[in-house]
Amino acid sequence: MSASTNSDGLPRWAGLVLLPAINLGAALVVSSLVILAIGEDPFTALAYMVKGAVGSGTGLSYTLYYATSLIFTGLAVAVANHAGLFNIGGEGQAYVGGLGTGLVCLVLGGWGWPWYGVLPVAVLAGALFGAVWGVIPGYIQAYHGGHIVITTIMFNFLASALMVYLLAGPLIEGGQMAPESKEFAASVGLPAVKDIAAALGYRTSTLPLNLSLVVALLCAVGVWFLIWHTRWGFQVRTVGANDAAARYAGINARTTMVVAMAISGALAGLVGINELEGVQHRVTLNFQAGMGFTGIAVALMGRGHPLGIVLSSLLFGALYQGGAELSFEYNEISPRLVVVIQGVVILFSGALEHMFRPALVRLLKPKSPAGAGQRA
């Protein structure tokens, strides 16, 4: 079998590029039928979505802002998945990781630290808190047989309860009713597009895109190197492919699973860098806004590869922003319909991702000389 083809004979470029494109096209067709069913023109509606997502500097900024959080959670799901673990706990790990980021910003901001001094500490704290929240389900799965899906779901609920307790009690700002911490010091906030544009002599409105996008892209490069260019990464992929064979080959599968879940939780925990240090500048309830769950679809559509995850994050970021613009322009289209469109994309890129694969294999599989001779 050539390295340029998959085990079923489908060229790798087709599996990585053409098949996801076909799945996306099918999702758009079905979404258009849904929009048509409520009496709206699907072409005009989809054009509004595209224009709202990338048709202006403001729309593009929001698209990249949403994509930043999705890169973190998509990478988190992918790392665990390479070890054979289906981590559904990205939402809780992002929530608790944001707590670590928020505490660092509150403390170091109070001491007058600048953002460039706070950022590396906040990254470490967010990753550490997220890793702790991820490693516990990983340990239970590896050493006690607890199912990772069940435990990570339960840890999402535990994270939610923990944050409600902290933000309604020890962390709440005195004299207010809203369950949120006090605002971070102004010196802590990450440079945003507005600040960078001002430094270059341009005036723009306040936009959410900030320096954490660079951190997310560096994480994508780090995951690519770790999984495909290190010995540990080879162990992870071996455990994910067949943990019994990995044990027979002398790999400590249990330790590998636990470390993979720790890294997975650490990546999800970095969502707080974008959301809290970059935009909200305080710890709030539900700041992760479902990015942990959407990261599952991002990882599936990106085939677990960092480059694919970055591209699929951009797609889902565009869906978030374009969908918001669409519901703003059309009174008949509610935000729930936008969720339906996102769900259709997830359906075709996840559950039905291989529906068109047999047809592509028949169409693109190289013909063997022997077969060609027989037909002749």
# chains A, B, ... in the order shown; residues from 1 in each chain; ligands from 1

$ closest_atom_pairs --of "range 88-109 of chain A" --to "range 115-118 of chain A" --cutoff "9 Å" --atoms "only C-alpha atoms" --output "tab-separated table"
residue	atom	partner	partner_atom	distance
A:Val104	CA	A:Val118	CA	7.5
A:Cys105	CA	A:Val118	CA	6.8
A:Leu108	CA	A:Val118	CA	6.6
A:Gly109	CA	A:Val118	CA	7.7

$ residues_around --residues "Arg203 in chain A" --least-positions-apart "3" --cutoff "8 Å" --atoms "only C-alpha atoms" --output "ChimeraX atom specification"
/A:194,197-198

$ residues_around --residues "Val271 in chain A" --least-positions-apart "2" --cutoff "10 Å" --atoms "only C-alpha atoms" --output "JSON, numbers by chain"
{"A": [68, 69, 70, 71, 72, 73, 90, 91, 93, 94, 95, 96, 97, 98, 101, 123, 126, 127, 130, 212, 216, 266, 267, 268, 269, 273, 274, 275, 276, 277, 278, 287, 288, 291, 292]}

$ residues_around --residues "Thr256 in chain A" --least-positions-apart "3" --cutoff "10 Å" --atoms "only C-alpha atoms" --output "ChimeraX atom specification"
/A:83,138,142,232-233,235-237,239-240,251-253,259-262

$ atom_distance --atom1 "CA of Tyr202 in chain A" --atom2 "CA of Leu119 in chain A"
25.3 Å

$ residues_around --residues "Gly55 in chain A" --least-positions-apart "5" --cutoff "12 Å" --atoms "only C-alpha atoms" --output "ChimeraX atom specification"
/A:47-50,60-63,318,321-322,325

$ write_last_selection --atoms "N, CA, C and O atoms" --output "compact mmCIF listing (two decimals), in the first residue's frame"
# COMPACT_ATOMS: atom_id res chain seq x y z
N ALA A 47 -25.59 33.86 1.72
CA ALA A 47 -24.73 34.99 1.35
C ALA A 47 -24.57 35.95 2.53
O ALA A 47 -23.48 36.49 2.76
N TYR A 48 -25.66 36.14 3.31
CA TYR A 48 -25.57 36.99 4.50
C TYR A 48 -24.60 36.38 5.52
O TYR A 48 -23.84 37.09 6.20
N MET A 49 -24.67 35.06 5.64
CA MET A 49 -23.77 34.40 6.60
C MET A 49 -22.31 34.60 6.21
O MET A 49 -21.47 34.93 7.05
N VAL A 50 -22.02 34.41 4.92
CA VAL A 50 -20.64 34.56 4.46
C VAL A 50 -20.18 36.01 4.62
O VAL A 50 -19.07 36.29 5.11
N LEU A 60 -14.67 39.52 10.37
CA LEU A 60 -13.50 38.66 10.37
C LEU A 60 -12.87 38.59 11.75
O LEU A 60 -12.38 37.53 12.18
N SER A 61 -12.86 39.72 12.46
CA SER A 61 -12.30 39.72 13.82
C SER A 61 -13.07 38.78 14.74
O SER A 61 -12.47 38.01 15.49
N TYR A 62 -14.40 38.84 14.67
CA TYR A 62 -15.21 37.94 15.51
C TYR A 62 -15.02 36.47 15.09
O TYR A 62 -14.96 35.58 15.94
N THR A 63 -14.93 36.24 13.78
CA THR A 63 -14.71 34.86 13.31
C THR A 63 -13.41 34.29 13.88
O THR A 63 -13.36 33.16 14.37
N ALA A 318 -16.67 30.96 11.63
CA ALA A 318 -17.48 31.67 10.63
C ALA A 318 -18.96 31.35 10.81
O ALA A 318 -19.82 32.22 10.62
N GLN A 321 -20.21 33.47 13.82
CA GLN A 321 -20.35 34.88 13.50
C GLN A 321 -21.37 35.11 12.39
O GLN A 321 -22.23 35.99 12.50
N GLY A 322 -21.29 34.31 11.32
CA GLY A 322 -22.24 34.45 10.23
C GLY A 322 -23.66 34.17 10.69
O GLY A 322 -24.62 34.82 10.26
N GLU A 325 -25.06 37.18 12.50
CA GLU A 325 -25.46 38.22 11.55
C GLU A 325 -26.75 37.84 10.84
O GLU A 325 -27.61 38.69 10.58

$ atom_distance --atom1 "CA of Val283 in chain A" --atom2 "CA of Met154 in chain A"
22.2 Å
